[in-house]
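Participant: Just protein.csv, nothing more (CSV, N, CA and C atoms):
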chain,number,residue,atom,x,y,z
L,806,MET,N,106.0,-35.6,-11.8
L,806,MET,CA,106.0,-34.2,-11.8
L,806,MET,C,107.4,-33.6,-12.2
L,807,VAL,N,108.4,-34.2,-11.7
L,807,VAL,CA,109.8,-33.8,-12.0
L,807,VAL,C,110.1,-33.9,-13.5
L,808,GLU,N,109.7,-35.0,-14.1
L,808,GLU,CA,109.9,-35.2,-15.5
L,808,GLU,C,109.2,-34.1,-16.4
L,809,ARG,N,108.0,-33.9,-16.0
L,809,ARG,CA,107.2,-32.9,-16.8
L,809,ARG,C,107.8,-31.5,-16.7
L,810,THR,N,108.2,-31.1,-15.5
L,810,THR,CA,108.8,-29.8,-15.2
L,810,THR,C,110.1,-29.7,-15.8
L,811,ALA,N,110.9,-30.8,-15.7
L,811,ALA,CA,112.3,-30.8,-16.3
L,811,ALA,C,112.2,-30.6,-17.8
L,812,SER,N,111.3,-31.2,-18.4
L,812,SER,CA,111.2,-31.2,-19.8
L,812,SER,C,110.8,-29.8,-20.3
L,813,GLN,N,110.3,-28.9,-19.5
L,813,GLN,CA,109.9,-27.6,-19.8
L,813,GLN,C,111.1,-26.6,-19.8
L,814,LEU,N,112.2,-27.0,-19.1
L,814,LEU,CA,113.3,-26.2,-18.9
L,814,LEU,C,114.3,-26.2,-20.1
L,815,LYS,N,114.7,-25.0,-20.4
L,815,LYS,CA,115.8,-24.9,-21.4
L,815,LYS,C,117.1,-24.9,-20.7
L,816,ARG,N,118.1,-25.2,-21.4
L,816,ARG,CA,119.5,-25.2,-20.9
L,816,ARG,C,119.9,-24.0,-20.1
L,817,ASN,N,119.5,-22.8,-20.7
L,817,ASN,CA,119.9,-21.5,-20.1
L,817,ASN,C,119.1,-21.2,-18.9
L,818,GLU,N,118.0,-21.9,-18.7
L,818,GLU,CA,117.1,-21.6,-17.5
L,818,GLU,C,117.4,-22.4,-16.3
L,819,MET,N,118.3,-23.4,-16.4
L,819,MET,CA,118.5,-24.3,-15.4
L,819,MET,C,119.2,-23.6,-14.1
L,820,SER,N,120.2,-22.8,-14.3
L,820,SER,CA,120.8,-22.2,-13.2
L,820,SER,C,119.9,-21.1,-12.6
L,821,ILE,N,119.1,-20.5,-13.4
L,821,ILE,CA,118.2,-19.5,-12.9
L,821,ILE,C,117.2,-20.2,-12.0
L,822,LEU,N,116.6,-21.3,-12.4
L,822,LEU,CA,115.7,-22.1,-11.6
L,822,LEU,C,116.4,-22.5,-10.3
L,823,ALA,N,117.6,-23.0,-10.4
L,823,ALA,CA,118.3,-23.5,-9.2
L,823,ALA,C,118.5,-22.3,-8.2
L,824,ASN,N,118.9,-21.2,-8.7
L,824,ASN,CA,119.1,-20.0,-7.8
L,824,ASN,C,117.7,-19.6,-7.2
L,825,LYS,N,116.7,-19.6,-7.9
L,825,LYS,CA,115.4,-19.2,-7.4
L,825,LYS,C,114.8,-20.2,-6.4
L,826,LEU,N,115.2,-21.4,-6.5
L,826,LEU,CA,114.8,-22.5,-5.6
L,826,LEU,C,115.7,-22.5,-4.3
L,827,GLY,N,116.8,-21.7,-4.3
L,827,GLY,CA,117.6,-21.6,-3.2
L,827,GLY,C,118.8,-22.6,-3.2
L,828,ILE,N,119.1,-23.1,-4.4
L,828,ILE,CA,120.3,-24.0,-4.5
L,828,ILE,C,121.5,-23.1,-4.6
L,829,SER,N,122.6,-23.4,-3.9
L,829,SER,CA,123.7,-22.5,-3.9
L,829,SER,C,124.5,-22.6,-5.2
L,830,GLU,N,125.3,-21.6,-5.4
L,830,GLU,CA,126.2,-21.6,-6.6
L,830,GLU,C,127.2,-22.8,-6.5
L,831,PHE,N,127.6,-23.1,-5.3
L,831,PHE,CA,128.5,-24.2,-5.2
L,831,PHE,C,127.8,-25.5,-5.6
L,832,ASP,N,126.6,-25.7,-5.2
L,832,ASP,CA,125.9,-26.9,-5.6
L,832,ASP,C,125.6,-27.0,-7.1
L,833,ILE,N,125.3,-25.8,-7.7
L,833,ILE,CA,125.1,-25.7,-9.2
L,833,ILE,C,126.3,-26.1,-9.9
L,834,GLN,N,127.5,-25.6,-9.5
L,834,GLN,CA,128.8,-26.0,-10.1
L,834,GLN,C,129.1,-27.5,-9.9
L,835,ASP,N,128.8,-28.0,-8.7
L,835,ASP,CA,129.0,-29.4,-8.4
L,835,ASP,C,128.2,-30.3,-9.3
L,836,ILE,N,126.9,-29.9,-9.5
L,836,ILE,CA,126.0,-30.7,-10.4
L,836,ILE,C,126.5,-30.6,-11.8
L,837,SER,N,127.0,-29.5,-12.3
L,837,SER,CA,127.5,-29.3,-13.7
L,837,SER,C,128.7,-30.2,-13.9
L,838,LEU,N,129.6,-30.2,-12.9
L,838,LEU,CA,130.8,-31.0,-13.0
L,838,LEU,C,130.5,-32.5,-12.9
L,839,LYS,N,129.6,-32.9,-12.0
L,839,LYS,CA,129.3,-34.3,-11.7
L,839,LYS,C,128.6,-34.9,-12.9
L,840,TYR,N,127.7,-34.2,-13.6
L,840,TYR,CA,126.9,-34.8,-14.6
L,840,TYR,C,127.3,-34.3,-16.0
L,841,GLY,N,128.3,-33.4,-16.1
L,841,GLY,CA,128.8,-33.0,-17.4
L,841,GLY,C,127.7,-32.7,-18.4
L,842,GLY,N,127.8,-33.3,-19.5
L,842,GLY,CA,126.8,-33.1,-20.6
L,842,GLY,C,125.5,-33.7,-20.5
L,843,ASN,N,125.2,-34.4,-19.4
L,843,ASN,CA,123.9,-35.0,-19.2
L,843,ASN,C,122.9,-34.0,-18.6
L,844,PHE,N,122.4,-33.2,-19.5
L,844,PHE,CA,121.5,-32.1,-19.0
L,844,PHE,C,120.3,-32.6,-18.3
L,845,TRP,N,119.7,-33.7,-18.7
L,845,TRP,CA,118.5,-34.2,-18.1
L,845,TRP,C,118.9,-34.6,-16.6
L,846,ARG,N,120.0,-35.2,-16.4
L,846,ARG,CA,120.4,-35.6,-15.1
L,846,ARG,C,120.7,-34.4,-14.2
L,847,GLN,N,121.2,-33.4,-14.8
L,847,GLN,CA,121.5,-32.2,-14.0
L,847,GLN,C,120.2,-31.6,-13.5
L,848,LYS,N,119.2,-31.5,-14.3
L,848,LYS,CA,117.9,-31.0,-13.9
L,848,LYS,C,117.3,-31.8,-12.8
L,849,VAL,N,117.3,-33.1,-13.0
L,849,VAL,CA,116.8,-34.0,-11.9
L,849,VAL,C,117.5,-33.8,-10.6
L,850,GLU,N,118.8,-33.7,-10.7
L,850,GLU,CA,119.6,-33.5,-9.5
L,850,GLU,C,119.3,-32.2,-8.8
L,851,ILE,N,119.0,-31.1,-9.5
L,851,ILE,CA,118.6,-29.9,-8.9
L,851,ILE,C,117.3,-30.1,-8.1
L,852,PHE,N,116.3,-30.7,-8.7
L,852,PHE,CA,115.1,-31.0,-8.0
L,852,PHE,C,115.3,-31.8,-6.8
L,853,TYR,N,116.1,-32.8,-6.9
L,853,TYR,CA,116.4,-33.7,-5.8
L,853,TYR,C,117.0,-32.9,-4.6
L,854,ARG,N,118.0,-32.1,-4.9
L,854,ARG,CA,118.7,-31.3,-3.8
L,854,ARG,C,117.7,-30.3,-3.2
L,855,TRP,N,116.9,-29.7,-4.1
L,855,TRP,CA,115.9,-28.7,-3.6
L,855,TRP,C,114.9,-29.4,-2.6
L,856,ARG,N,114.4,-30.6,-3.0
L,856,ARG,CA,113.5,-31.4,-2.2
L,856,ARG,C,114.1,-31.8,-0.9
L,857,THR,N,115.3,-32.2,-1.0
L,857,THR,CA,116.0,-32.7,0.2
L,857,THR,C,116.3,-31.5,1.2
L,858,ALA,N,116.7,-30.4,0.7
L,858,ALA,CA,117.0,-29.2,1.5
L,858,ALA,C,115.8,-28.5,2.1
L,859,TYR,N,114.7,-28.5,1.3
L,859,TYR,CA,113.6,-27.6,1.8
L,859,TYR,C,112.4,-28.4,2.2
L,860,ARG,N,112.4,-29.7,2.1
L,860,ARG,CA,111.4,-30.7,2.5
L,860,ARG,C,110.0,-30.2,2.3
L,861,GLU,N,109.3,-29.8,3.4
L,861,GLU,CA,107.9,-29.4,3.4
L,861,GLU,C,107.7,-28.1,2.6
L,862,TYR,N,108.7,-27.3,2.4
L,862,TYR,CA,108.6,-26.1,1.6
L,862,TYR,C,108.8,-26.3,0.1
L,863,ALA,N,109.2,-27.5,-0.3
L,863,ALA,CA,109.5,-27.8,-1.7
L,863,ALA,C,108.2,-28.4,-2.3
L,864,THR,N,107.2,-27.5,-2.5
L,864,THR,CA,105.9,-27.9,-3.0
L,864,THR,C,105.8,-27.7,-4.5
L,865,ARG,N,104.8,-28.4,-5.1
L,865,ARG,CA,104.5,-28.1,-6.5
L,865,ARG,C,104.1,-26.7,-6.7
L,866,GLU,N,103.4,-26.1,-5.8
L,866,GLU,CA,102.9,-24.7,-6.0
L,866,GLU,C,104.1,-23.8,-6.1
L,867,ARG,N,105.1,-24.0,-5.2
L,867,ARG,CA,106.3,-23.2,-5.2
L,867,ARG,C,107.1,-23.4,-6.5
L,868,LEU,N,107.2,-24.6,-6.9
L,868,LEU,CA,107.9,-24.9,-8.2
L,868,LEU,C,107.2,-24.3,-9.4
L,869,SER,N,105.9,-24.4,-9.4
L,869,SER,CA,105.1,-23.8,-10.4
L,869,SER,C,105.3,-22.3,-10.5
L,870,ARG,N,105.3,-21.6,-9.3
L,870,ARG,CA,105.4,-20.2,-9.2
L,870,ARG,C,106.8,-19.8,-9.7
L,871,VAL,N,107.8,-20.5,-9.4
L,871,VAL,CA,109.2,-20.2,-9.9
L,871,VAL,C,109.3,-20.4,-11.4
L,872,MET,N,108.7,-21.4,-11.9
L,872,MET,CA,108.7,-21.7,-13.3
L,872,MET,C,108.0,-20.5,-14.0
L,873,ASN,N,106.9,-20.1,-13.5
L,873,ASN,CA,106.1,-19.0,-14.1
L,873,ASN,C,107.0,-17.7,-14.1
L,874,GLU,N,107.7,-17.4,-13.1
L,874,GLU,CA,108.6,-16.3,-13.0
L,874,GLU,C,109.7,-16.4,-14.1
L,875,ILE,N,110.2,-17.6,-14.3
L,875,ILE,CA,111.3,-17.8,-15.3
L,875,ILE,C,110.7,-17.6,-16.7
L,876,LYS,N,109.6,-18.2,-16.9
L,876,LYS,CA,109.0,-18.1,-18.2
L,876,LYS,C,108.4,-16.8,-18.5
L,877,GLY,N,108.1,-16.0,-17.5
L,877,GLY,CA,107.6,-14.7,-17.7
L,877,GLY,C,106.2,-14.6,-18.3
L,878,SER,N,105.4,-15.7,-18.1
L,878,SER,CA,104.0,-15.7,-18.6
L,878,SER,C,103.1,-16.4,-17.6
L,879,PRO,N,101.9,-16.1,-17.7
L,879,PRO,CA,100.9,-16.7,-16.8
L,879,PRO,C,100.6,-18.2,-17.3
L,880,CYS,N,101.6,-19.0,-17.2
L,880,CYS,CA,101.3,-20.4,-17.7
L,880,CYS,C,100.6,-21.2,-16.6
L,881,LYS,N,100.1,-22.3,-17.0
L,881,LYS,CA,99.3,-23.1,-16.1
L,881,LYS,C,100.2,-23.7,-15.0
L,882,SER,N,99.6,-23.8,-13.8
L,882,SER,CA,100.3,-24.4,-12.7
L,882,SER,C,100.2,-25.9,-12.8
L,883,MET,N,100.9,-26.6,-11.9
L,883,MET,CA,101.0,-28.1,-12.0
L,883,MET,C,99.6,-28.8,-12.0
L,884,ASP,N,98.6,-28.1,-11.4
L,884,ASP,CA,97.3,-28.8,-11.3
L,884,ASP,C,96.4,-28.4,-12.5
L,885,GLY,N,96.9,-27.6,-13.4
L,885,GLY,CA,96.2,-27.3,-14.6
L,885,GLY,C,95.4,-26.0,-14.6
L,886,THR,N,95.5,-25.3,-13.5
L,886,THR,CA,94.8,-24.0,-13.4
L,886,THR,C,95.7,-22.9,-13.6
L,887,ASN,N,95.1,-21.8,-14.0
L,887,ASN,CA,96.0,-20.6,-14.3
L,887,ASN,C,96.1,-19.8,-13.0
L,888,GLU,N,97.4,-19.8,-12.5
L,888,GLU,CA,97.6,-19.2,-11.2
L,888,GLU,C,97.3,-17.7,-11.1
L,889,LYS,N,97.4,-17.0,-12.2
L,889,LYS,CA,97.2,-15.6,-12.2
L,889,LYS,C,95.7,-15.2,-12.4
L,890,ASP,N,94.9,-16.2,-12.7
L,890,ASP,CA,93.4,-16.0,-12.9
L,890,ASP,C,92.7,-16.3,-11.6
L,891,ASP,N,92.4,-15.3,-10.8
L,891,ASP,CA,91.7,-15.5,-9.5
L,891,ASP,C,90.3,-15.1,-9.6
L,892,THR,N,89.7,-15.1,-10.8
L,892,THR,CA,88.3,-14.7,-11.0
L,892,THR,C,87.4,-15.7,-10.3
L,893,LYS,N,87.8,-17.0,-10.1
L,893,LYS,CA,87.0,-18.0,-9.4
L,893,LYS,C,86.7,-17.5,-7.9
L,894,ASN,N,87.7,-16.8,-7.4
L,894,ASN,CA,87.6,-16.5,-6.0
L,894,ASN,C,86.9,-15.2,-5.7
L,895,LYS,N,86.6,-14.4,-6.8
L,895,LYS,CA,85.9,-13.1,-6.6
L,895,LYS,C,84.4,-13.3,-6.7
L,896,LYS,N,83.7,-12.6,-5.9
L,896,LYS,CA,82.2,-12.7,-5.9
L,896,LYS,C,81.7,-11.7,-7.0
L,897,LYS,N,80.7,-12.2,-7.7
L,897,LYS,CA,80.2,-11.3,-8.8
L,897,LYS,C,79.2,-10.4,-8.1
L,898,THR,N,79.3,-9.1,-8.5
L,898,THR,CA,78.4,-8.1,-8.0
L,898,THR,C,77.6,-7.5,-9.1
L,899,ALA,N,76.3,-7.2,-8.8
L,899,ALA,CA,75.5,-6.7,-9.9
L,899,ALA,C,75.1,-5.2,-9.6
For the file at hand, write its structure as structure tokens.
Facilitator:
Amino acid sequence: MVERTASQLKRNEMSILANKLGISEFDIQDISLKYGGNFWRQKVEIFYRWRTAYREYATRERLSRVMNEIKGSPCKSMDGTNEKDDTKNKKKTA
């Protein structure tokens, strides 16, 4: 899951994602200094720190929701469904 999500991130979206996941500015700077030009490792470290800090709240659904906010489009969630399409849950009336 981390690899697929990390591959979707652009360099300028990394700090936005980290902030929205609750990673502190201090941690973001620490990750940047620690891993320098290794952008892939920086992304993985963000996910690791988020998972460690938020444990049961660090879910795929939360990550998918934040990624959708960043991308600004109704992209598919991690399970392949469209999160903004709730027509399955609505009853049809005639």
Participant: So, with only C-alpha atoms as the atoms that count, which of L:Phe852, L:Phe831, L:Ile836, L:Ser820 lies closest to Leu868 (chain L)?
Facilitator: L:Phe852
Participant: Quick one: pull the distance between atom C of Ser812 (chain L) and atom N of Leu826 (chain L), Å, one decimal.
Facilitator: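 Answer for the atom C of Ser812 (chain L) to atom N of Leu826 (chain L) separation: 16.7 Å.
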Participant: Work out how far apart atom C of Gly877 (chain L) and CA of Asp835 (chain L) are and give it in Å to one decimal.
Facilitator: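 Result for atom C of Gly877 (chain L) versus CA of Asp835 (chain L): 28.9 Å, one decimal.
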Participant: When you draw a straight line from atom C of Ile821 (chain L) to CA of Val871 (chain L), how long is it in Å?
Facilitator: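 Interatomic distance, atom C of Ile821 (chain L) to CA of Val871 (chain L): 8.3 Å.
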Participant: For each of L:Ile828, L:Ala823, L:Lys815, L:Gln834, take the minimum atom-to-atom distance to Ala858 (chain L), counting only C-alpha atoms, then give the residue where this is smallest.
Facilitator: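 That would be L:Ile828, the residue with the smallest distance to Ala858 (chain L).
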